[in-house]
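Novice: Input file: data.txt. Contents: compact mmCIF, C-alpha atoms (C1' of nucleotides).
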```txt
# COMPACT_ATOMS: atom_id res chain seq x y z
CA MET H 19 -46.55 -49.04 -86.84
CA ALA H 20 -45.71 -47.29 -90.07
CA ILE H 21 -46.35 -43.64 -90.35
CA GLU H 22 -48.01 -42.91 -93.63
CA SER H 23 -48.32 -39.37 -94.76
CA SER H 24 -51.95 -38.49 -94.69
CA ALA H 25 -53.94 -35.72 -96.25
CA ALA H 26 -54.22 -33.70 -93.12
CA THR H 27 -53.25 -30.23 -93.99
CA ALA H 28 -55.56 -29.53 -96.87
CA GLY H 29 -58.64 -31.09 -98.40
CA GLU H 30 -56.81 -33.75 -100.30
CA SER H 31 -58.24 -37.18 -100.95
CA ALA H 32 -57.97 -39.88 -98.36
CA PRO H 33 -57.05 -43.48 -99.23
CA GLY H 34 -60.16 -45.58 -99.64
CA CYS H 35 -62.56 -42.69 -99.57
CA PRO H 36 -64.92 -41.90 -102.40
CA ASP H 37 -63.40 -38.59 -103.39
CA ASP H 38 -61.69 -35.48 -102.17
CA LEU H 39 -63.14 -33.85 -99.09
CA ALA H 40 -65.37 -36.85 -98.42
CA TYR H 41 -64.89 -39.18 -95.47
CA ASP H 42 -67.75 -41.58 -95.88
CA VAL H 43 -67.91 -44.14 -93.10
CA PHE H 44 -69.96 -46.39 -95.35
CA ALA H 45 -67.02 -46.80 -97.68
CA ARG H 46 -64.57 -49.56 -96.98
CA GLU H 47 -61.17 -48.53 -95.72
CA CYS H 48 -62.13 -44.94 -95.16
CA PRO H 49 -60.19 -43.66 -92.14
CA SER H 50 -63.36 -42.12 -90.77
CA ARG H 51 -64.53 -45.63 -89.98
CA GLU H 52 -61.55 -46.13 -87.76
CA ALA H 53 -62.10 -42.82 -86.03
CA LEU H 54 -65.75 -43.63 -85.47
CA LYS H 55 -64.72 -46.97 -84.08
CA HIS H 56 -62.39 -45.39 -81.55
CA ILE H 57 -65.19 -43.11 -80.48
CA THR H 58 -67.97 -45.63 -80.29
CA ASP H 59 -66.32 -48.83 -79.26
CA ARG H 60 -66.87 -50.43 -75.90
CA TRP H 61 -64.47 -48.36 -73.85
CA GLY H 62 -64.03 -45.36 -76.11
CA SER H 63 -67.61 -44.25 -75.74
CA LEU H 64 -67.57 -44.64 -71.99
CA THR H 65 -64.23 -42.89 -71.61
CA LEU H 66 -65.34 -39.92 -73.67
CA GLY H 67 -68.56 -39.80 -71.72
CA ALA H 68 -66.70 -39.83 -68.43
CA LEU H 69 -64.35 -37.06 -69.49
CA LEU H 70 -67.33 -34.89 -70.25
CA ASP H 71 -67.58 -34.37 -66.51
CA GLY H 72 -64.14 -32.83 -66.23
CA THR H 73 -60.46 -33.60 -65.91
CA PHE H 74 -59.42 -36.86 -64.32
CA ARG H 75 -56.35 -38.81 -63.42
CA PHE H 76 -55.78 -42.28 -64.77
CA ASN H 77 -57.13 -44.17 -61.81
CA GLU H 78 -59.98 -41.78 -61.32
CA LEU H 79 -61.10 -42.62 -64.81
CA ARG H 80 -60.71 -46.30 -64.10
CA ARG H 81 -63.10 -46.01 -61.24
CA ARG H 82 -65.60 -44.01 -63.26
CA VAL H 83 -65.66 -46.40 -66.17
CA GLU H 84 -66.66 -49.48 -64.25
CA GLY H 85 -65.13 -52.68 -65.44
CA VAL H 86 -62.39 -51.31 -67.65
CA SER H 87 -59.00 -52.89 -67.18
CA GLU H 88 -55.78 -50.97 -66.78
CA LYS H 89 -54.61 -52.12 -70.14
CA MET H 90 -57.75 -51.25 -72.06
CA LEU H 91 -58.04 -47.82 -70.50
CA ALA H 92 -54.46 -47.03 -71.43
CA GLN H 93 -55.02 -48.30 -74.93
CA THR H 94 -58.26 -46.36 -75.30
CA LEU H 95 -56.71 -43.14 -74.04
CA HIS H 96 -53.82 -43.52 -76.46
CA ALA H 97 -56.12 -43.92 -79.42
CA LEU H 98 -58.23 -40.96 -78.40
CA GLU H 99 -55.19 -38.85 -77.74
CA ARG H 100 -53.76 -39.71 -81.12
CA ASP H 101 -57.02 -38.76 -82.80
CA GLY H 102 -56.86 -35.39 -81.09
CA LEU H 103 -59.88 -35.95 -78.87
CA VAL H 104 -58.12 -36.25 -75.53
CA HIS H 105 -55.39 -34.10 -74.03
CA ARG H 106 -52.83 -35.75 -71.80
CA GLU H 107 -50.92 -33.69 -69.27
CA ALA H 108 -48.16 -35.39 -67.33
CA GLN H 109 -46.43 -33.79 -64.36
CA GLN H 110 -42.91 -34.87 -63.50
CA SER H 111 -43.57 -35.37 -59.85
CA ASN H 112 -43.30 -38.19 -57.41
CA PRO H 113 -45.67 -39.88 -57.20
CA PRO H 114 -46.42 -39.23 -60.86
CA ARG H 115 -49.60 -37.45 -61.80
CA VAL H 116 -51.21 -37.49 -65.21
CA ASP H 117 -54.38 -35.65 -66.06
CA TYR H 118 -56.66 -36.40 -68.94
CA ALA H 119 -59.15 -33.98 -70.41
CA LEU H 120 -61.09 -33.51 -73.59
CA THR H 121 -59.74 -31.26 -76.30
CA PRO H 122 -62.20 -28.81 -77.88
CA LEU H 123 -62.70 -31.31 -80.67
CA GLY H 124 -63.12 -34.12 -78.19
CA ASN H 125 -65.68 -32.07 -76.36
CA GLN H 126 -67.77 -31.61 -79.48
CA VAL H 127 -67.66 -35.31 -80.22
CA ALA H 128 -68.30 -36.35 -76.64
CA ARG H 129 -71.31 -34.09 -76.39
CA GLN H 130 -72.79 -35.47 -79.54
CA LEU H 131 -72.11 -38.93 -78.23
CA ARG H 132 -73.67 -38.02 -74.92
CA LEU H 133 -76.93 -37.15 -76.64
CA LEU H 134 -76.98 -40.61 -78.15
CA ILE H 135 -76.24 -42.26 -74.82
CA ASP H 136 -78.92 -40.23 -73.09
CA LEU H 137 -81.43 -41.22 -75.74
CA VAL H 138 -80.59 -44.89 -75.38
CA GLU H 139 -80.76 -44.79 -71.60
CA ASP H 140 -84.06 -42.98 -71.79
CA ARG H 141 -85.56 -45.52 -74.17
CA MET H 142 -84.32 -48.62 -72.37
CA PRO H 143 -87.79 -49.57 -71.12
CA GLN H 144 -88.95 -49.73 -74.73
CA VAL H 145 -85.92 -51.74 -75.72
CA LEU H 146 -86.43 -54.23 -72.91
CA ALA H 147 -90.10 -54.53 -73.79
CA ALA H 148 -89.17 -55.22 -77.40
CA ARG H 149 -86.76 -57.91 -76.30
CA GLU H 150 -89.39 -59.64 -74.22
CA HIS H 151 -91.78 -59.55 -77.10
CA TYR H 152 -89.17 -60.86 -79.51
CA ASP H 153 -88.05 -63.64 -77.22
CA ALA H 154 -91.61 -64.68 -76.54
CA ARG H 155 -92.36 -64.95 -80.25
CA HIS H 156 -89.17 -66.82 -80.99
CA THR H 157 -89.59 -69.56 -78.42
CA ALA H 158 -93.29 -70.24 -78.27
CA GLY H 159 -94.26 -69.55 -81.82
CA MET G 4 -80.13 -68.56 -74.59
CA ALA G 5 -82.06 -68.19 -71.38
CA ILE G 6 -84.93 -65.79 -71.32
CA GLU G 7 -84.87 -63.85 -68.13
CA SER G 8 -87.85 -61.84 -67.16
CA SER G 9 -86.90 -58.22 -67.40
CA ALA G 10 -88.40 -55.10 -66.01
CA ALA G 11 -89.92 -53.98 -69.23
CA THR G 12 -93.46 -53.04 -68.49
CA ALA G 13 -92.98 -50.57 -65.70
CA GLY G 14 -90.15 -48.61 -64.18
CA GLU G 15 -88.78 -51.42 -62.12
CA SER G 16 -85.12 -51.87 -61.38
CA ALA G 17 -82.87 -53.57 -63.88
CA PRO G 18 -80.19 -56.07 -62.86
CA GLY G 19 -76.85 -54.35 -62.46
CA CYS G 20 -78.23 -50.85 -62.68
CA PRO G 21 -77.85 -48.31 -59.93
CA ASP G 22 -81.51 -47.97 -59.06
CA ASP G 23 -85.06 -47.92 -60.37
CA LEU G 24 -85.64 -45.93 -63.52
CA ALA G 25 -81.92 -45.55 -64.15
CA TYR G 26 -80.08 -47.26 -66.98
CA ASP G 27 -76.58 -45.94 -66.55
CA VAL G 28 -74.21 -47.18 -69.24
CA PHE G 29 -71.30 -46.45 -66.95
CA ALA G 30 -72.45 -49.11 -64.54
CA ARG G 31 -71.26 -52.66 -65.09
CA GLU G 32 -73.80 -55.15 -66.29
CA CYS G 33 -76.42 -52.54 -67.02
CA PRO G 34 -78.42 -53.70 -70.04
CA SER G 35 -78.14 -50.24 -71.54
CA ARG G 36 -74.51 -50.98 -72.22
CA GLU G 37 -75.49 -53.91 -74.33
CA ALA G 38 -78.06 -51.88 -76.22
CA LEU G 39 -75.55 -49.11 -76.83
CA LYS G 40 -73.12 -51.70 -78.05
CA HIS G 41 -75.57 -53.06 -80.59
CA ILE G 42 -76.16 -49.55 -81.84
CA THR G 43 -72.59 -48.36 -81.97
CA ASP G 44 -70.60 -51.42 -82.85
CA ARG G 45 -68.87 -51.85 -86.16
CA TRP G 46 -71.82 -53.03 -88.24
CA GLY G 47 -74.69 -51.84 -86.07
CA SER G 48 -73.89 -48.19 -86.57
CA LEU G 49 -73.49 -48.58 -90.31
CA THR G 50 -76.65 -50.64 -90.66
CA LEU G 51 -78.73 -48.12 -88.76
CA GLY G 52 -77.21 -45.36 -90.81
CA ALA G 53 -78.03 -47.14 -94.04
CA LEU G 54 -81.63 -47.80 -93.01
CA LEU G 55 -82.06 -44.10 -92.42
CA ASP G 56 -82.35 -43.79 -96.17
CA GLY G 57 -85.37 -46.04 -96.41
CA THR G 58 -86.50 -49.66 -96.58
CA PHE G 59 -84.14 -52.23 -98.03
CA ARG G 60 -83.93 -55.91 -98.77
CA PHE G 61 -81.21 -58.02 -97.28
CA ASN G 62 -78.85 -57.90 -100.21
CA GLU G 63 -79.53 -54.25 -100.87
CA LEU G 64 -78.31 -53.56 -97.38
CA ARG G 65 -75.28 -55.71 -97.96
CA ARG G 66 -74.32 -53.59 -100.90
CA ARG G 67 -74.86 -50.36 -99.00
CA VAL G 68 -72.80 -51.34 -96.02
CA GLU G 69 -69.60 -52.03 -97.84
CA GLY G 70 -67.56 -54.89 -96.50
CA VAL G 71 -70.16 -56.51 -94.27
CA SER G 72 -70.43 -60.27 -94.58
CA GLU G 73 -73.67 -62.13 -94.89
CA LYS G 74 -73.25 -63.57 -91.47
CA MET G 75 -72.53 -60.31 -89.71
CA LEU G 76 -75.35 -58.47 -91.41
CA ALA G 77 -77.81 -61.16 -90.41
CA GLN G 78 -76.50 -61.16 -86.87
CA THR G 79 -76.62 -57.38 -86.68
CA LEU G 80 -80.16 -57.22 -88.01
CA HIS G 81 -81.30 -59.80 -85.50
CA ALA G 82 -79.87 -57.88 -82.60
CA LEU G 83 -81.41 -54.64 -83.78
CA GLU G 84 -84.73 -56.30 -84.43
CA ARG G 85 -84.74 -57.82 -80.98
CA ASP G 86 -84.01 -54.44 -79.43
CA GLY G 87 -86.98 -53.00 -81.28
CA LEU G 88 -84.97 -50.74 -83.56
CA VAL G 89 -85.51 -52.56 -86.82
CA HIS G 90 -88.68 -53.95 -88.32
CA ARG G 91 -88.43 -57.11 -90.40
CA GLU G 92 -91.12 -57.89 -92.95
CA ALA G 93 -90.95 -61.23 -94.71
CA GLN G 94 -93.12 -62.03 -97.70
CA GLN G 95 -93.94 -65.65 -98.41
CA SER G 96 -93.10 -65.45 -102.05
CA ASN G 97 -90.76 -67.26 -104.34
CA PRO G 98 -88.10 -66.09 -104.54
CA PRO G 99 -88.38 -64.93 -100.95
CA ARG G 100 -88.34 -61.24 -100.23
CA VAL G 101 -87.58 -59.69 -96.87
CA ASP G 102 -87.67 -55.99 -96.18
CA TYR G 103 -85.95 -54.23 -93.35
CA ALA G 104 -86.87 -50.80 -92.05
CA LEU G 105 -86.39 -48.73 -88.96
CA THR G 106 -89.08 -48.67 -86.31
CA PRO G 107 -90.04 -45.26 -84.90
CA LEU G 108 -87.68 -45.93 -82.01
CA GLY G 109 -84.98 -47.03 -84.41
CA ASN G 110 -85.45 -43.88 -86.38
CA GLN G 111 -84.89 -41.71 -83.33
CA VAL G 112 -81.75 -43.59 -82.46
CA ALA G 113 -80.44 -43.70 -86.01
CA ARG G 114 -80.92 -39.98 -86.44
CA GLN G 115 -79.06 -39.22 -83.26
CA LEU G 116 -76.34 -41.58 -84.41
CA ARG G 117 -76.29 -39.92 -87.80
CA LEU G 118 -75.49 -36.58 -86.20
CA LEU G 119 -72.50 -38.16 -84.54
CA ILE G 120 -71.33 -39.76 -87.78
CA ASP G 121 -71.73 -36.50 -89.66
CA LEU G 122 -69.71 -34.69 -87.04
CA VAL G 123 -66.92 -37.23 -87.21
CA GLU G 124 -66.82 -37.18 -90.99
CA ASP G 125 -66.77 -33.41 -90.96
CA ARG G 126 -63.88 -33.26 -88.50
CA MET G 127 -61.75 -35.92 -90.14
CA PRO G 128 -59.18 -33.44 -91.42
CA GLN G 129 -58.57 -32.35 -87.84
CA VAL G 130 -58.32 -35.93 -86.69
CA LEU G 131 -55.83 -36.82 -89.39
CA ALA G 132 -53.79 -33.74 -88.57
CA ALA G 133 -53.75 -34.73 -84.92
CA ARG G 134 -52.55 -38.19 -85.84
CA GLU G 135 -49.69 -36.84 -87.90
CA HIS G 136 -48.68 -34.59 -85.07
CA TYR G 137 -48.90 -37.40 -82.54
CA ASP G 138 -46.96 -39.83 -84.68
CA ALA G 139 -44.28 -37.26 -85.40
CA ARG G 140 -43.77 -36.61 -81.70
CA HIS G 141 -43.73 -40.27 -80.80
CA THR G 142 -41.06 -41.34 -83.24
CA ALA G 143 -38.64 -38.44 -83.39
CA GLY G 144 -38.74 -38.05 -79.72
C1' DC V 25 -82.96 -64.64 -102.73
C1' DT V 26 -82.88 -65.34 -97.87
C1' DG V 27 -80.46 -66.98 -94.27
C1' DC V 28 -78.93 -70.74 -90.92
C1' DA V 29 -74.91 -73.89 -89.57
C1' DT V 30 -70.09 -74.94 -89.34
C1' DC V 31 -65.22 -74.42 -89.26
C1' DC V 32 -61.47 -71.55 -88.30
C1' DC V 33 -58.59 -67.64 -87.57
C1' DT V 34 -57.39 -63.11 -85.93
C1' DG V 35 -57.86 -59.48 -82.95
C1' DA V 36 -59.83 -57.67 -78.79
C1' DT V 37 -59.92 -58.21 -74.00
C1' DG V 38 -58.58 -59.56 -69.26
C1' DA V 39 -55.39 -61.15 -65.38
C1' DT V 40 -51.09 -60.89 -63.74
C1' DA V 41 -46.54 -59.38 -63.02
C1' DC V 42 -43.12 -55.88 -63.49
C1' DT V 43 -40.89 -50.96 -64.10
C1' DG V 44 -40.21 -45.84 -63.43
C1' DC T 28 -49.56 -43.54 -59.17
C1' DA T 29 -49.07 -44.48 -63.95
C1' DG T 30 -48.28 -47.18 -66.83
C1' DT T 31 -45.82 -51.39 -69.89
C1' DA T 32 -45.10 -56.46 -70.99
C1' DT T 33 -46.65 -60.98 -71.29
C1' DC T 34 -49.62 -64.67 -71.63
C1' DA T 35 -54.21 -66.96 -71.85
C1' DT T 36 -58.81 -66.54 -73.37
C1' DC T 37 -62.80 -65.57 -75.92
C1' DA T 38 -65.78 -63.14 -78.89
C1' DG T 39 -65.88 -61.07 -83.56
C1' DG T 40 -65.83 -61.95 -88.03
C1' DG T 41 -64.90 -64.28 -92.71
C1' DA T 42 -65.50 -68.45 -95.91
C1' DT T 43 -68.02 -72.12 -97.22
C1' DG T 44 -71.80 -75.24 -97.71
C1' DC T 45 -76.59 -76.29 -97.37
C1' DA T 46 -81.82 -75.52 -97.01
C1' DG T 47 -86.34 -73.27 -97.86
```
Mind converting the file's structure to structure tokens?
Specialist:
Amino acid sequence: MAIESSAATAGESAPGCPDDLAYDVFARECPSREALKHITDRWGSLTLGALLDGTFRFNELRRRVEGVSEKMLAQTLHALERDGLVHREAQQSNPPRVDYALTPLGNQVARQLRLLIDLVEDRMPQVLAAREHYDARHTAG
Amino acid sequence: MAIESSAATAGESAPGCPDDLAYDVFARECPSREALKHITDRWGSLTLGALLDGTFRFNELRRRVEGVSEKMLAQTLHALERDGLVHREAQQSNPPRVDYALTPLGNQVARQLRLLIDLVEDRMPQVLAAREHYDARHTAG
DNA sequence: CTGCATCCCTGATGATACTG
DNA sequence: CAGTATCATCAGGGATGCAG
């Protein structure tokens, strides 16, 4: 886990990206691809979506994101925290209590993501219809 | 590859989903999760994004989505076509020519996805700064 | 050019057990 | 409760070869 100095402070060029100030996800190796991946991957998207509803403790989140394992939730939260999307607040109590919430940046991203999720959920009947049609054509014909 | 009859035509309940008319991605097994996955996964998101610029042939797409292999692009296009997001038009010519384009539904989804991608690209400096900060705290102590 | 099939490897994911 | 560590598994993904 090497810590490479990155062009964070100013608008310097990023390794693998087309040019200064540009973070094109379509370009290989561009760090924006990795960030997008954290946001959109299986558990990242659901975790961000869940946190849009408020602040939650670890196990509360686990219950909200159905099917996520302990390990994957921890891993997902770490990645999102590192990317500055999630804020982690641990209290030194017994039993321990840790709260997770979106940062302002995380909130922006999660809301944009939410719009996409809502759209997909809303259009599911169309998607399912398309699948039936596709499957019918690719078995009979 | 079994073809299960799905509730596509009307607003009937979907297997694994909370109730009729609802396609909650947070629920296990809900088909909306699978659809969202096709849209947001590594190559799906980039392919949809690329098709937002117009109609392309297979190898044109391959060049646009840097780093995608033949296999994965084909697989991705199939999934998106089956979900009704991408339209495939094959011409019986020699050499063969196949054009891929977004369907109206695919266009809606891709545009919503684009907004998310644009946001992420735009905020990359913040993300990279957050990573530096996080890494600094988690090594020094 | 399009694109399917096959082999193979790595990384992602899950179940379980253990620690503070 | 909130994780971490370990091991087993499986899907994702790349390389190659072949067919229309």
Novice: Any chance you could dump chain H, least-squares fitted to chain G on all C-alpha atoms in order, as a short mmCIF file (atom, residue, chain, number, x, y, z; two decimals) with C-alpha atoms, in the coordinates of the input?
Specialist:
```cif
data_model
loop_
_atom_site.label_atom_id
_atom_site.label_comp_id
_atom_site.auth_asym_id
_atom_site.auth_seq_id
_atom_site.Cartn_x
_atom_site.Cartn_y
_atom_site.Cartn_z
CA MET H 19 -80.30 -68.44 -74.71
CA ALA H 20 -82.30 -68.17 -71.53
CA ILE H 21 -85.17 -65.82 -71.42
CA GLU H 22 -85.07 -63.88 -68.21
CA SER H 23 -88.02 -61.82 -67.23
CA SER H 24 -87.00 -58.23 -67.43
CA ALA H 25 -88.47 -55.08 -66.03
CA ALA H 26 -90.02 -53.97 -69.25
CA THR H 27 -93.54 -53.08 -68.49
CA ALA H 28 -93.07 -50.61 -65.70
CA GLY H 29 -90.24 -48.63 -64.19
CA GLU H 30 -88.86 -51.44 -62.14
CA SER H 31 -85.19 -51.85 -61.39
CA ALA H 32 -82.91 -53.52 -63.86
CA PRO H 33 -80.25 -56.05 -62.83
CA GLY H 34 -76.90 -54.36 -62.41
CA CYS H 35 -78.24 -50.85 -62.66
CA PRO H 36 -77.83 -48.29 -59.92
CA ASP H 37 -81.48 -47.95 -59.03
CA ASP H 38 -85.00 -47.97 -60.33
CA LEU H 39 -85.64 -46.03 -63.50
CA ALA H 40 -81.91 -45.59 -64.11
CA TYR H 41 -80.06 -47.28 -66.95
CA ASP H 42 -76.57 -45.95 -66.52
CA VAL H 43 -74.20 -47.18 -69.20
CA PHE H 44 -71.28 -46.40 -66.91
CA ALA H 45 -72.42 -49.07 -64.50
CA ARG H 46 -71.21 -52.58 -65.02
CA GLU H 47 -73.75 -55.09 -66.24
CA CYS H 48 -76.39 -52.52 -66.96
CA PRO H 49 -78.39 -53.70 -69.98
CA SER H 50 -78.14 -50.25 -71.49
CA ARG H 51 -74.50 -50.98 -72.17
CA GLU H 52 -75.48 -53.91 -74.29
CA ALA H 53 -78.05 -51.88 -76.17
CA LEU H 54 -75.54 -49.13 -76.79
CA LYS H 55 -73.10 -51.72 -78.02
CA HIS H 56 -75.57 -53.08 -80.55
CA ILE H 57 -76.15 -49.57 -81.78
CA THR H 58 -72.59 -48.39 -81.94
CA ASP H 59 -70.59 -51.44 -82.80
CA ARG H 60 -68.85 -51.89 -86.10
CA TRP H 61 -71.79 -53.05 -88.17
CA GLY H 62 -74.67 -51.86 -86.02
CA SER H 63 -73.87 -48.22 -86.53
CA LEU H 64 -73.46 -48.60 -90.26
CA THR H 65 -76.62 -50.67 -90.62
CA LEU H 66 -78.71 -48.16 -88.71
CA GLY H 67 -77.18 -45.38 -90.75
CA ALA H 68 -78.00 -47.15 -93.98
CA LEU H 69 -81.59 -47.79 -92.97
CA LEU H 70 -82.03 -44.10 -92.38
CA ASP H 71 -82.28 -43.79 -96.14
CA GLY H 72 -85.30 -46.04 -96.39
CA THR H 73 -86.43 -49.63 -96.59
CA PHE H 74 -84.07 -52.20 -98.02
CA ARG H 75 -83.86 -55.87 -98.76
CA PHE H 76 -81.15 -58.01 -97.26
CA ASN H 77 -78.78 -57.88 -100.18
CA GLU H 78 -79.45 -54.25 -100.84
CA LEU H 79 -78.24 -53.54 -97.34
CA ARG H 80 -75.22 -55.72 -97.90
CA ARG H 81 -74.23 -53.61 -100.83
CA ARG H 82 -74.79 -50.37 -98.95
CA VAL H 83 -72.74 -51.37 -95.95
CA GLU H 84 -69.53 -52.09 -97.77
CA GLY H 85 -67.52 -54.94 -96.42
CA VAL H 86 -70.11 -56.56 -94.19
CA SER H 87 -70.39 -60.31 -94.51
CA GLU H 88 -73.63 -62.19 -94.91
CA LYS H 89 -73.28 -63.63 -91.48
CA MET H 90 -72.54 -60.39 -89.67
CA LEU H 91 -75.35 -58.52 -91.38
CA ALA H 92 -77.81 -61.21 -90.39
CA GLN H 93 -76.51 -61.20 -86.85
CA THR H 94 -76.62 -57.41 -86.64
CA LEU H 95 -80.15 -57.23 -87.99
CA HIS H 96 -81.30 -59.83 -85.49
CA ALA H 97 -79.88 -57.90 -82.57
CA LEU H 98 -81.40 -54.66 -83.76
CA GLU H 99 -84.72 -56.30 -84.43
CA ARG H 100 -84.75 -57.82 -80.98
CA ASP H 101 -84.01 -54.45 -79.42
CA GLY H 102 -86.98 -53.01 -81.26
CA LEU H 103 -84.96 -50.75 -83.54
CA VAL H 104 -85.49 -52.56 -86.81
CA HIS H 105 -88.67 -53.95 -88.33
CA ARG H 106 -88.44 -57.08 -90.43
CA GLU H 107 -91.12 -57.84 -92.99
CA ALA H 108 -90.95 -61.16 -94.79
CA GLN H 109 -93.13 -62.00 -97.77
CA GLN H 110 -93.90 -65.63 -98.50
CA SER H 111 -93.06 -65.45 -102.14
CA ASN H 112 -90.68 -67.17 -104.46
CA PRO H 113 -88.04 -65.95 -104.66
CA PRO H 114 -88.32 -64.82 -101.05
CA ARG H 115 -88.33 -61.14 -100.26
CA VAL H 116 -87.58 -59.62 -96.90
CA ASP H 117 -87.64 -55.92 -96.20
CA TYR H 118 -85.93 -54.18 -93.35
CA ALA H 119 -86.85 -50.77 -92.05
CA LEU H 120 -86.37 -48.72 -88.94
CA THR H 121 -89.06 -48.68 -86.29
CA PRO H 122 -90.02 -45.27 -84.87
CA LEU H 123 -87.65 -45.94 -81.99
CA GLY H 124 -84.95 -47.06 -84.37
CA ASN H 125 -85.43 -43.90 -86.35
CA GLN H 126 -84.88 -41.72 -83.30
CA VAL H 127 -81.72 -43.60 -82.41
CA ALA H 128 -80.42 -43.71 -85.96
CA ARG H 129 -80.91 -39.99 -86.38
CA GLN H 130 -79.05 -39.24 -83.21
CA LEU H 131 -76.34 -41.59 -84.37
CA ARG H 132 -76.29 -39.92 -87.75
CA LEU H 133 -75.49 -36.59 -86.15
CA LEU H 134 -72.48 -38.18 -84.50
CA ILE H 135 -71.34 -39.77 -87.75
CA ASP H 136 -71.75 -36.51 -89.62
CA LEU H 137 -69.71 -34.70 -87.00
CA VAL H 138 -66.92 -37.25 -87.19
CA GLU H 139 -66.84 -37.21 -90.98
CA ASP H 140 -66.80 -33.44 -90.94
CA ARG H 141 -63.90 -33.28 -88.50
CA MET H 142 -61.77 -35.96 -90.15
CA PRO H 143 -59.21 -33.46 -91.44
CA GLN H 144 -58.58 -32.37 -87.86
CA VAL H 145 -58.35 -35.96 -86.72
CA LEU H 146 -55.86 -36.85 -89.44
CA ALA H 147 -53.82 -33.77 -88.64
CA ALA H 148 -53.76 -34.76 -84.98
CA ARG H 149 -52.57 -38.23 -85.91
CA GLU H 150 -49.73 -36.87 -87.99
CA HIS H 151 -48.70 -34.63 -85.17
CA TYR H 152 -48.89 -37.44 -82.65
CA ASP H 153 -46.97 -39.87 -84.80
CA ALA H 154 -44.30 -37.31 -85.53
CA ARG H 155 -43.78 -36.64 -81.83
CA HIS H 156 -43.74 -40.30 -80.93
CA THR H 157 -41.09 -41.39 -83.40
CA ALA H 158 -38.67 -38.51 -83.62
CA GLY H 159 -38.88 -37.18 -80.12
#
```
Novice: Chain T residues within 8 Å of chain H, counting only C-alpha atoms (C1' of nucleotides): which ones, as a VMD selection string?
Specialist: chain T and resid 28 to 30
Novice: Go ahead and save the picked residues with C-alpha atoms (C1' of nucleotides), as a compact mmCIF listing (two decimals), keeping the file's coordinate frame.
Specialist:
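The resulting file, part_35.txt, is reproduced below:
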```
# COMPACT_ATOMS: atom_id res chain seq x y z
C1' DC T 28 -49.56 -43.54 -59.17
C1' DA T 29 -49.07 -44.48 -63.95
C1' DG T 30 -48.28 -47.18 -66.83
```
Novice: Compile the residues of chain V that lie within 8 Å of chain G, evaluated using only C-alpha atoms (C1' of nucleotides), and express the compilation as number ranges by chain.
Specialist: V: 25-27
Novice: Please save C-alpha atoms (C1' of nucleotides) of the selected residues as a PDB file, keeping the file's coordinate frame.
Specialist:
```
ATOM      1  C1'  DC V  25     -82.960 -64.640-102.730  1.00  0.00           C
ATOM      2  C1'  DT V  26     -82.880 -65.340 -97.870  1.00  0.00           C
ATOM      3  C1'  DG V  27     -80.460 -66.980 -94.270  1.00  0.00           C
TER       4       DG V  27
END
```
Novice: Chain G near chain H within 6 Å: what's each residue's closest atom pair and its distance in Å to one decimal, counting all atoms listed in the file, ordered by chain then ascending residue number, as a Markdown table?
Specialist:
```
| residue | atom | partner | partner_atom | distance |
| --- | --- | --- | --- | --- |
| G:Ala11 | CA | H:Ala147 | CA | 4.6 |
| G:Tyr26 | CA | H:Glu139 | CA | 5.3 |
| G:Phe29 | CA | H:Val83 | CA | 5.7 |
| G:Ala30 | CA | H:Glu84 | CA | 5.8 |
| G:Arg31 | CA | H:Glu84 | CA | 5.7 |
| G:Thr43 | CA | H:Thr58 | CA | 5.6 |
| G:Val68 | CA | H:Phe44 | CA | 5.7 |
| G:Glu69 | CA | H:Arg46 | CA | 5.7 |
| G:Arg85 | CA | H:Arg149 | CA | 5.1 |
| G:Asp86 | CA | H:Val145 | CA | 5.0 |
| G:Gly87 | CA | H:Ala148 | CA | 5.0 |
| G:Gln115 | CA | H:Leu134 | CA | 5.7 |
| G:Leu119 | CA | H:Gln130 | CA | 5.7 |
| G:Glu124 | CA | H:Tyr41 | CA | 5.3 |
| G:Pro128 | CA | H:Ala26 | CA | 5.2 |
| G:Val130 | CA | H:Asp101 | CA | 5.0 |
| G:Leu131 | CA | H:Ala26 | CA | 5.1 |
| G:Ala132 | CA | H:Ala26 | CA | 4.6 |
| G:Ala133 | CA | H:Gly102 | CA | 5.0 |
| G:Arg134 | CA | H:Arg100 | CA | 5.1 |
| G:Tyr137 | CA | H:Arg100 | CA | 5.6 |
```
Novice: Between atom CA of Val104 of chain H and atom CA of Ser87 of chain H, what distance in Å does the model show, to one decimal?
Specialist: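 Between atom CA of Val104 of chain H and atom CA of Ser87 of chain H the gap is 18.6 Å.
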Novice: Please provide the set of residues having any atom within 12 Å of DA29 of chain V, restricted to only C-alpha atoms (C1' of nucleotides), with same-chain residues fewer than 6 positions apart removed, written as number ranges by chain.
Specialist: G: 74; T: 43-46
Novice: Would you mind listing what lies within 12 Å of DA41 of chain V as a list of chain:residue names, with only C-alpha atoms (C1' of nucleotides) counted and same-chain residues fewer than 5 positions away left out?
Specialist: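 Once the nearby chain positions are removed, what remains is T:DT31, T:DA32, T:DT33, T:DC34.
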Novice: Counting only C-alpha atoms (C1' of nucleotides), find residues at most 9 Å from (-55.0, -62.0, -65.2) (file frame) and give them as a list in words.
Specialist: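 Applying the cut-off with only C-alpha atoms (C1' of nucleotides), one gets DG38, DA39 and DT40 of chain V; DC34 and DA35 of chain T.
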Novice: How far is it from atom CA of Pro107 of chain G to atom CA of His41 of chain G, in Å with one decimal?
Specialist: 17.0 Å
Novice: Expressed in Å to a single decimal, how great is the separation between atom CA of Ala119 of chain H and atom CA of Thr73 of chain H?
Specialist: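 Separating atom CA of Ala119 of chain H from atom CA of Thr73 of chain H is a distance of 4.7 Å.
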Novice: Assuming 6 Å of padding per side, give the centre and edge lengths of the axis-aligned box around every listed atom of segment 36-39 of chain T, in Å to one decimal and as AutoDock Vina command-line options.
Specialist:
```
--center_x -62.3 --center_y -63.8 --center_z -78.5 --size_x 19.1 --size_y 17.5 --size_z 22.2
```
